[in-house]
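Colleague: Quick one, upload-v4.txt (compact mmCIF, C-alpha atoms and all ligand atoms):
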# COMPACT_ATOMS: atom_id res chain seq x y z
CA MET Z 1 10.45 -13.50 17.48
CA LYS Z 2 7.87 -16.25 17.02
CA ILE Z 3 7.16 -17.43 13.46
CA ILE Z 4 3.68 -18.84 12.91
CA SER Z 5 2.37 -20.26 9.65
CA THR Z 6 -1.26 -21.18 10.17
CA PRO Z 7 -4.25 -18.93 10.91
CA LYS Z 8 -5.46 -21.37 13.60
CA GLU Z 9 -2.16 -21.28 15.49
CA LEU Z 10 -1.91 -17.47 15.30
CA LYS Z 11 -5.50 -17.00 16.50
CA GLU Z 12 -4.85 -19.33 19.43
CA TYR Z 13 -1.58 -17.59 20.26
CA LEU Z 14 -3.15 -14.11 20.34
CA GLN Z 15 -6.67 -14.79 21.55
CA ASN Z 16 -6.17 -14.41 25.31
CA SER Z 17 -3.87 -11.41 25.00
CA GLN Z 18 -5.07 -8.34 26.87
CA GLN Z 19 -2.29 -6.28 25.26
CA SER Z 20 -2.59 -3.83 22.36
CA ILE Z 21 -1.65 -5.40 19.01
CA GLY Z 22 -0.04 -3.39 16.21
CA PHE Z 23 -0.31 -5.15 12.85
CA VAL Z 24 1.70 -4.56 9.67
CA PRO Z 25 0.45 -6.63 6.70
CA THR Z 26 3.00 -7.03 3.88
CA MET Z 27 3.74 -9.13 0.81
CA GLY Z 28 7.43 -9.45 1.74
CA ALA Z 29 10.53 -8.05 -0.01
CA LEU Z 30 10.71 -5.67 2.95
CA HIS Z 31 12.41 -2.28 2.57
CA GLU Z 32 12.79 0.95 4.57
CA GLY Z 33 9.13 1.78 3.92
CA HIS Z 34 8.00 -1.39 5.71
CA ILE Z 35 10.54 -0.79 8.46
CA SER Z 36 9.02 2.63 9.14
CA LEU Z 37 5.57 0.99 9.49
CA ILE Z 38 7.01 -1.60 11.88
CA LYS Z 39 8.83 1.06 13.92
CA LYS Z 40 5.65 3.08 14.34
CA ALA Z 41 3.74 -0.07 15.32
CA ARG Z 42 6.51 -0.92 17.81
CA LYS Z 43 6.23 2.53 19.45
CA GLU Z 44 2.47 2.50 19.73
CA ASN Z 45 1.65 -1.09 20.76
CA GLU Z 46 2.59 -3.79 23.26
CA ILE Z 47 2.67 -6.61 20.67
CA VAL Z 48 3.76 -6.20 17.03
CA VAL Z 49 2.59 -8.71 14.42
CA VAL Z 50 3.84 -8.62 10.81
CA SER Z 51 2.39 -10.82 8.09
CA ILE Z 52 4.22 -11.81 4.92
CA PHE Z 53 1.80 -13.22 2.40
CA LEU Z 54 2.07 -12.82 -1.36
CA ASN Z 55 -1.67 -12.66 -1.89
CA PRO Z 56 -2.55 -14.31 -5.24
CA THR Z 57 -6.08 -12.86 -5.44
CA GLN Z 58 -4.88 -9.27 -5.85
CA PHE Z 59 -2.83 -10.07 -8.95
CA LEU Z 60 -4.57 -10.16 -12.31
CA LYS Z 61 -3.69 -12.71 -15.00
CA GLY Z 62 -0.39 -11.73 -16.63
CA GLU Z 63 0.75 -9.53 -13.72
CA ASP Z 64 3.98 -10.04 -11.79
CA LEU Z 65 2.81 -12.63 -9.19
CA GLU Z 66 5.29 -15.25 -10.39
CA LYS Z 67 8.25 -12.90 -10.51
CA TYR Z 68 7.34 -10.74 -7.49
CA PRO Z 69 10.57 -10.40 -5.45
CA LYS Z 70 10.93 -13.00 -2.68
CA LYS Z 71 13.44 -12.49 0.12
CA ASP Z 72 12.19 -14.76 2.88
CA GLU Z 73 15.39 -15.07 4.91
CA ALA Z 74 16.28 -11.36 4.68
CA ASP Z 75 12.68 -10.48 5.59
CA LYS Z 76 12.84 -12.65 8.71
CA GLN Z 77 16.07 -10.94 9.77
CA ILE Z 78 14.58 -7.47 9.18
CA CYS Z 79 11.55 -8.36 11.30
CA LYS Z 80 13.71 -9.77 14.08
CA LEU Z 81 15.98 -6.70 14.13
CA SER Z 82 12.99 -4.32 14.02
CA GLY Z 83 11.52 -5.79 17.22
CA VAL Z 84 8.63 -7.77 15.71
CA ASP Z 85 7.08 -10.18 18.23
CA VAL Z 86 5.18 -12.43 15.83
CA LEU Z 87 5.80 -13.04 12.14
CA PHE Z 88 2.85 -14.64 10.35
CA PHE Z 89 4.01 -16.47 7.23
CA PRO Z 90 1.06 -18.47 5.88
CA HIS Z 91 0.82 -20.65 2.75
CA ALA Z 92 -1.87 -19.83 0.19
CA LYS Z 93 -3.62 -23.16 0.93
CA ASP Z 94 -4.12 -22.07 4.56
CA MET Z 95 -5.59 -18.71 3.54
CA TYR Z 96 -7.87 -19.78 0.65
CA THR Z 97 -10.00 -22.75 -0.39
CA GLU Z 98 -11.30 -23.64 -3.86
CA ASP Z 99 -14.71 -22.03 -3.39
CA GLU Z 100 -14.44 -18.74 -1.56
CA VAL Z 101 -16.59 -16.00 -0.08
CA GLY Z 102 -14.99 -12.71 -1.10
CA LEU Z 103 -15.35 -8.98 -0.62
CA LEU Z 104 -16.11 -6.65 -3.52
CA ALA Z 105 -14.46 -3.25 -3.79
CA PRO Z 106 -16.95 -0.37 -4.06
CA LYS Z 107 -18.19 0.12 -7.65
CA ILE Z 108 -16.88 3.66 -8.02
CA ARG Z 109 -13.92 4.18 -5.69
CA GLY Z 110 -12.61 0.65 -6.32
CA PHE Z 111 -12.59 0.95 -10.10
CA VAL Z 112 -10.91 4.30 -10.75
CA LEU Z 113 -7.16 5.07 -10.78
CA GLU Z 114 -5.32 1.80 -10.11
CA GLY Z 115 -8.64 -0.05 -10.11
CA ALA Z 116 -9.32 1.09 -13.68
CA SER Z 117 -6.33 -0.78 -15.11
CA ARG Z 118 -6.49 -3.60 -12.52
CA PRO Z 119 -10.26 -4.23 -12.24
CA SER Z 120 -10.37 -7.01 -9.60
CA HIS Z 121 -7.21 -5.97 -7.75
CA PHE Z 122 -8.95 -4.26 -4.83
CA ASN Z 123 -11.45 -7.14 -4.39
CA GLY Z 124 -8.40 -9.29 -3.64
CA VAL Z 125 -6.77 -6.69 -1.38
CA LEU Z 126 -9.92 -6.12 0.70
CA THR Z 127 -10.64 -9.84 1.00
CA VAL Z 128 -7.16 -10.71 2.23
CA VAL Z 129 -6.95 -7.73 4.59
CA MET Z 130 -10.33 -8.70 6.07
CA LYS Z 131 -9.07 -12.28 6.55
CA LEU Z 132 -5.85 -11.04 8.14
CA PHE Z 133 -7.71 -8.67 10.47
CA ASN Z 134 -9.99 -11.52 11.54
CA ILE Z 135 -6.99 -13.72 12.32
CA VAL Z 136 -4.89 -11.08 14.14
CA ASN Z 137 -7.68 -8.94 15.63
CA PRO Z 138 -5.33 -5.93 15.81
CA THR Z 139 -5.84 -2.78 17.84
CA ASN Z 140 -4.00 -0.71 15.20
CA ALA Z 141 -3.07 -1.61 11.60
CA TYR Z 142 -0.40 0.30 9.70
CA PHE Z 143 -0.52 1.15 5.96
CA GLY Z 144 1.74 3.32 3.81
CA LYS Z 145 0.33 6.49 2.25
CA LYS Z 146 2.13 5.56 -0.98
CA ASP Z 147 -0.71 3.12 -1.73
CA ALA Z 148 -3.23 5.90 -1.17
CA GLN Z 149 -6.16 4.22 -2.90
CA GLN Z 150 -5.56 0.98 -1.00
CA LEU Z 151 -5.43 2.96 2.26
CA ASN Z 152 -8.65 4.80 1.37
CA LEU Z 153 -10.51 1.58 0.50
CA ILE Z 154 -9.33 -0.29 3.60
CA SER Z 155 -10.44 2.65 5.78
CA LEU Z 156 -13.80 2.57 3.99
CA MET Z 157 -14.11 -1.21 4.53
CA VAL Z 158 -13.42 -0.80 8.25
CA LYS Z 159 -16.05 1.94 8.50
CA GLN Z 160 -18.72 0.26 6.37
CA MET Z 161 -18.24 -3.20 7.91
CA PHE Z 162 -18.32 -1.69 11.45
CA MET Z 163 -14.91 -3.15 12.26
CA SER Z 164 -13.08 -1.88 15.32
CA VAL Z 165 -9.44 -1.82 14.15
CA ASN Z 166 -7.83 1.63 14.01
CA ILE Z 167 -6.16 2.29 10.63
CA VAL Z 168 -2.93 4.26 10.92
CA PRO Z 169 -1.58 5.95 7.74
CA VAL Z 170 2.21 6.25 7.59
CA ASP Z 171 4.21 8.73 5.45
CA THR Z 172 5.96 7.42 2.33
CA ALA Z 173 9.62 6.49 2.82
CA ARG Z 174 11.87 7.84 0.03
CA GLU Z 175 15.34 7.14 -1.35
CA SER Z 176 17.79 10.05 -0.90
CA ASP Z 177 16.98 11.26 -4.45
CA GLY Z 178 13.24 11.31 -3.76
CA LEU Z 179 12.05 8.06 -5.37
CA ALA Z 180 9.32 6.46 -3.27
CA MET Z 181 10.44 3.13 -1.82
CA SER Z 182 8.73 0.14 -3.36
CA SER Z 183 9.42 -3.59 -3.57
CA ARG Z 184 9.09 -3.16 -7.36
CA ASN Z 185 12.02 -0.66 -7.61
CA ILE Z 186 14.41 -3.60 -7.96
CA TYR Z 187 12.93 -4.33 -11.40
CA LEU Z 188 14.35 -1.00 -12.70
CA SER Z 189 17.51 -0.91 -14.83
CA GLN Z 190 20.02 1.89 -14.12
CA GLN Z 191 18.55 3.97 -16.93
CA GLU Z 192 14.96 3.32 -15.81
CA ARG Z 193 15.90 4.18 -12.23
CA LYS Z 194 16.93 7.65 -13.51
CA GLU Z 195 13.76 8.04 -15.60
CA ALA Z 196 11.65 7.07 -12.58
CA LEU Z 197 12.75 10.30 -10.87
CA LYS Z 198 10.35 12.14 -13.18
CA ILE Z 199 7.59 10.86 -10.89
CA PRO Z 200 8.72 12.59 -7.64
CA ALA Z 201 9.84 15.57 -9.77
CA SER Z 202 6.29 16.00 -11.10
CA LEU Z 203 4.89 15.89 -7.56
CA TYR Z 204 7.52 18.35 -6.36
CA GLN Z 205 6.50 20.72 -9.18
CA ALA Z 206 2.84 20.40 -8.16
CA GLY Z 207 3.75 21.30 -4.57
CA LYS Z 208 5.76 24.27 -5.82
CA MET Z 209 2.87 25.57 -7.96
CA ILE Z 210 0.48 25.23 -5.05
CA SER Z 211 2.86 27.18 -2.80
CA GLN Z 212 2.77 29.90 -5.52
CA LYS Z 213 -1.05 29.88 -5.16
CA ILE Z 214 -1.70 28.14 -8.48
CA LEU Z 215 -4.64 26.04 -7.32
CA ASP Z 216 -6.42 25.13 -10.57
CA THR Z 217 -6.06 21.37 -10.86
CA ASN Z 218 -6.06 21.26 -14.70
CA THR Z 219 -3.14 23.70 -14.85
CA ILE Z 220 -1.19 21.63 -12.32
CA ILE Z 221 -1.96 18.31 -14.04
CA THR Z 222 -0.90 19.68 -17.46
CA LYS Z 223 2.47 20.76 -16.04
CA MET Z 224 2.93 17.42 -14.26
CA ARG Z 225 2.21 15.50 -17.48
CA GLU Z 226 4.85 17.59 -19.26
CA ILE Z 227 7.45 16.64 -16.64
CA LEU Z 228 6.46 12.95 -16.80
CA THR Z 229 6.89 12.77 -20.60
CA PRO Z 230 7.90 10.34 -22.17
CA LEU Z 231 6.87 7.90 -19.42
CA GLU Z 232 3.68 5.93 -20.08
CA ILE Z 233 1.28 7.68 -17.71
CA SER Z 234 -1.60 5.62 -16.29
CA TYR Z 235 -3.05 8.60 -14.44
CA VAL Z 236 -2.29 11.94 -12.84
CA GLU Z 237 -5.17 13.04 -10.62
CA ILE Z 238 -5.89 15.57 -7.93
CA LEU Z 239 -8.49 14.42 -5.41
CA ASN Z 240 -9.81 15.39 -2.03
CA ARG Z 241 -9.27 13.10 0.98
CA ASP Z 242 -12.58 11.36 0.17
CA PHE Z 243 -11.07 10.48 -3.20
CA GLU Z 244 -13.37 12.76 -5.21
CA LEU Z 245 -12.05 14.76 -8.19
CA VAL Z 246 -11.66 18.46 -7.44
CA ARG Z 247 -11.15 21.49 -9.68
CA HIS Z 248 -9.30 23.52 -7.09
CA VAL Z 249 -6.71 22.45 -4.58
CA GLU Z 250 -7.85 22.90 -1.00
CA ILE Z 251 -4.83 22.81 1.31
CA GLY Z 252 -5.33 20.21 4.02
CA ASN Z 253 -7.80 18.21 1.92
CA THR Z 254 -5.89 17.20 -1.22
CA VAL Z 255 -4.06 14.14 -2.54
CA ILE Z 256 -2.12 14.33 -5.82
CA LEU Z 257 -1.57 10.90 -7.34
CA VAL Z 258 0.57 9.60 -10.18
CA GLU Z 259 0.94 6.17 -11.69
CA ALA Z 260 3.35 5.70 -14.57
CA LYS Z 261 5.09 2.81 -16.25
CA VAL Z 262 8.87 2.93 -16.33
CA GLY Z 263 9.96 0.20 -18.75
CA GLU Z 264 7.72 -2.68 -17.69
CA THR Z 265 7.38 -1.51 -14.09
CA ARG Z 266 4.32 0.34 -12.82
CA LEU Z 267 5.23 2.88 -10.15
CA LEU Z 268 2.89 4.79 -7.87
CA ASP Z 269 3.49 7.93 -5.89
CA ASN Z 270 1.52 10.75 -4.32
CA ILE Z 271 1.64 13.71 -2.01
CA TRP Z 272 -0.90 14.72 0.62
CA LEU Z 273 -1.37 18.46 1.00
O1 LIG A 301 0.27 -3.29 0.32
C1 LIG A 301 0.48 -4.53 0.33
O2 LIG A 301 1.61 -4.99 0.52
C2 LIG A 301 -0.69 -5.49 0.10
O3 LIG A 301 -1.60 -4.96 -0.79
C3 LIG A 301 -1.37 -5.93 1.41
C4 LIG A 301 -2.04 -4.77 2.13
C5 LIG A 301 -0.36 -6.59 2.33
C6 LIG A 301 -2.48 -6.95 1.10
O4 LIG A 301 -1.97 -8.08 0.46
Can you give me the file's structure in the form of structure tokens?
Ligand code: PAF

Modeller:
Amino acid sequence: MKIISTPKELKEYLQNSQQSIGFVPTMGALHEGHISLIKKARKENEIVVVSIFLNPTQFLKGEDLEKYPKKDEADKQICKLSGVDVLFFPHAKDMYTEDEVGLLAPKIRGFVLEGASRPSHFNGVLTVVMKLFNIVNPTNAYFGKKDAQQLNLISLMVKQMFMSVNIVPVDTARESDGLAMSSRNIYLSQQERKEALKIPASLYQAGKMISQKILDTNTIITKMREILTPLEISYVEILNRDFELVRHVEIGNTVILVEAKVGETRLLDNIWL
């Protein structure tokens, strides 16, 4: 596995390649969820590139940038063992200058759900993903469905900016008790880890109601909120695949999303039906 730390060097390394490139962008602290993205990329491409870059522009003031988990050596080992060809590990100074051009998230879809409580978050995500795509020029790029809004906005960016990368959504990896894998799970105390299970439980209940033909979204959301109590709920929403609110679940075109705070840790989860 080759480790490259500057955009210039990575561009030069990949530019004459005629092979398909599968790209997995990450912020490090890799877990099974990332490994499933890498495995899929490995199966579907000739070259696999992973980036590890803790992108400062997607963190708001007071968020967990400083204490975001860092596991550089373990991450390198995981990449090596998962068959990654190139690991891109840039420094912030090589990705950003003082005075930057940046992308803006769309005014509506970028400022609801997670974007409502983190107003400039998706500007930072889209800007860094655009930079990374321009450096790697991937054939396919892999994103987890757990970050459904991020996935939706990146797909929108690719479409609206006429970019040619193919975005591949990958199912959420879960712990054996159902908790969605996340780099932030390590912040949870034992007690919080138990309380966090209310999140997948609420989604499971929604799925159960829908299988019983209860399709009214208000009824489902009310029940989910009951199950999530007493967690601090940021949102529980039922949307279609274009991320528009719907009053009735349409199987095959629905995403149910939850964000709740467990202790000090914000956790996201969703199901796609
Ligand atoms: O999902 C993440 O880890 C990040 O938001 C991403 C896509 C790597 C951009 O920094």

Colleague: Could you check which of Z:Val125, Z:Ile3, Z:Val112, Z:Cys79 is closest to ligand LIG 301 (chain A), using all atoms listed in the file?

Modeller: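 Result for the nearest residue to ligand LIG 301 (chain A): Z:Val125.
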
Colleague: List as a PDB file with C-alpha atoms, in the coordinates of the input the protein and nucleic acid residues lying within 6 Å of ligand LIG 301 (chain A), with all atoms listed in the file counted.

Modeller:
ATOM      1  CA  PRO Z  25       0.450  -6.630   6.700  1.00  0.00           C
ATOM      2  CA  THR Z  26       3.000  -7.030   3.880  1.00  0.00           C
ATOM      3  CA  MET Z  27       3.740  -9.130   0.810  1.00  0.00           C
ATOM      4  CA  ASN Z  55      -1.670 -12.660  -1.890  1.00  0.00           C
ATOM      5  CA  VAL Z 125      -6.770  -6.690  -1.380  1.00  0.00           C
ATOM      6  CA  VAL Z 129      -6.950  -7.730   4.590  1.00  0.00           C
TER       7      VAL Z 129
END

Colleague: As an exercise, work out the distance from CA of Ile78 in chain Z to CA of Ile35 in chain Z in Å and give it to one decimal place.

Modeller: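 Between these atoms lies a distance of 7.8 Å.
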
Colleague: Neighbours of range 252-259 of chain Z within 9 Å (only C-alpha atoms; same-chain residues fewer than 4 positions away dropped), as a list in words?

Modeller: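 Surrounding residues, per the criterion: Leu113, Glu114, Ala148, Ile199, Ser202, Leu203, Ala206, Glu232, Ile233, Ser234, Tyr235, Val236, Glu237, Ile238, Leu239, Asn240, Arg241, Asp242, Phe243, Val246, Arg266, Leu267, Leu268, Asp269, Asn270, Ile271, Trp272 and Leu273 of chain Z.
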
Colleague: So which one's closest to Tyr187 in chain Z, Z:Tyr68, Z:Phe23, Z:Tyr13, Z:Phe133? Using only C-alpha atoms, please.

Modeller: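 With only C-alpha atoms as the atom set, the closest residue is Z:Tyr68.
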
Colleague: Have a look at Z:Thr217, Z:Ser176, Z:Gln149, Z:Glu195 and name the one nearest to Ala116 in chain Z; count only C-alpha atoms.

Modeller: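 The answer is Z:Gln149, which sits nearest to Ala116 in chain Z.
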
Colleague: Please measure the separation of CA of Gln205 in chain Z and CA of Asn218 in chain Z, giving the value in Å to one decimal.

Modeller: 13.7 Å

Colleague: Rank nothing, just name the residue among Z:Ile38, Z:Val168, Z:Lys11, Z:Ile210 nearest to His248 in chain Z, using only C-alpha atoms.

Modeller: Z:Ile210

Colleague: Will you model N, CA and C atoms for range 202-217 of chain Z and pass it back as a JSON list (two decimals), in the frame of the given file?

Modeller:
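File produced: selection.json:
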[["chain", "number", "residue", "atom", "x", "y", "z"],
["Z", 202, "SER", "N", 7.58, 15.43, -10.72],
["Z", 202, "SER", "CA", 6.29, 16.00, -11.10],
["Z", 202, "SER", "C", 5.49, 16.39, -9.86],
["Z", 203, "LEU", "N", 5.61, 15.58, -8.80],
["Z", 203, "LEU", "CA", 4.89, 15.89, -7.56],
["Z", 203, "LEU", "C", 5.50, 17.11, -6.87],
["Z", 204, "TYR", "N", 6.83, 17.20, -6.95],
["Z", 204, "TYR", "CA", 7.52, 18.35, -6.36],
["Z", 204, "TYR", "C", 7.05, 19.63, -7.05],
["Z", 205, "GLN", "N", 6.95, 19.56, -8.40],
["Z", 205, "GLN", "CA", 6.50, 20.72, -9.18],
["Z", 205, "GLN", "C", 5.07, 21.11, -8.77],
["Z", 206, "ALA", "N", 4.22, 20.11, -8.57],
["Z", 206, "ALA", "CA", 2.84, 20.40, -8.16],
["Z", 206, "ALA", "C", 2.84, 21.14, -6.82],
["Z", 207, "GLY", "N", 3.66, 20.66, -5.89],
["Z", 207, "GLY", "CA", 3.75, 21.30, -4.57],
["Z", 207, "GLY", "C", 4.23, 22.74, -4.70],
["Z", 208, "LYS", "N", 5.20, 22.92, -5.62],
["Z", 208, "LYS", "CA", 5.76, 24.27, -5.82],
["Z", 208, "LYS", "C", 4.68, 25.22, -6.37],
["Z", 209, "MET", "N", 3.93, 24.72, -7.36],
["Z", 209, "MET", "CA", 2.87, 25.57, -7.96],
["Z", 209, "MET", "C", 1.83, 25.94, -6.90],
["Z", 210, "ILE", "N", 1.50, 24.96, -6.08],
["Z", 210, "ILE", "CA", 0.48, 25.23, -5.05],
["Z", 210, "ILE", "C", 1.00, 26.26, -4.05],
["Z", 211, "SER", "N", 2.31, 26.18, -3.74],
["Z", 211, "SER", "CA", 2.86, 27.18, -2.80],
["Z", 211, "SER", "C", 2.88, 28.57, -3.45],
["Z", 212, "GLN", "N", 2.85, 28.60, -4.81],
["Z", 212, "GLN", "CA", 2.77, 29.90, -5.52],
["Z", 212, "GLN", "C", 1.30, 30.30, -5.76],
["Z", 213, "LYS", "N", 0.40, 29.59, -5.10],
["Z", 213, "LYS", "CA", -1.05, 29.88, -5.16],
["Z", 213, "LYS", "C", -1.68, 29.52, -6.51],
["Z", 214, "ILE", "N", -1.04, 28.65, -7.27],
["Z", 214, "ILE", "CA", -1.70, 28.14, -8.48],
["Z", 214, "ILE", "C", -2.51, 26.92, -8.02],
["Z", 215, "LEU", "N", -3.82, 27.07, -7.96],
["Z", 215, "LEU", "CA", -4.64, 26.04, -7.32],
["Z", 215, "LEU", "C", -5.56, 25.32, -8.31],
["Z", 216, "ASP", "N", -5.56, 25.76, -9.57],
["Z", 216, "ASP", "CA", -6.42, 25.13, -10.57],
["Z", 216, "ASP", "C", -5.83, 23.75, -10.93],
["Z", 217, "THR", "N", -6.62, 22.71, -10.74],
["Z", 217, "THR", "CA", -6.06, 21.37, -10.86],
["Z", 217, "THR", "C", -5.66, 21.03, -12.31]]
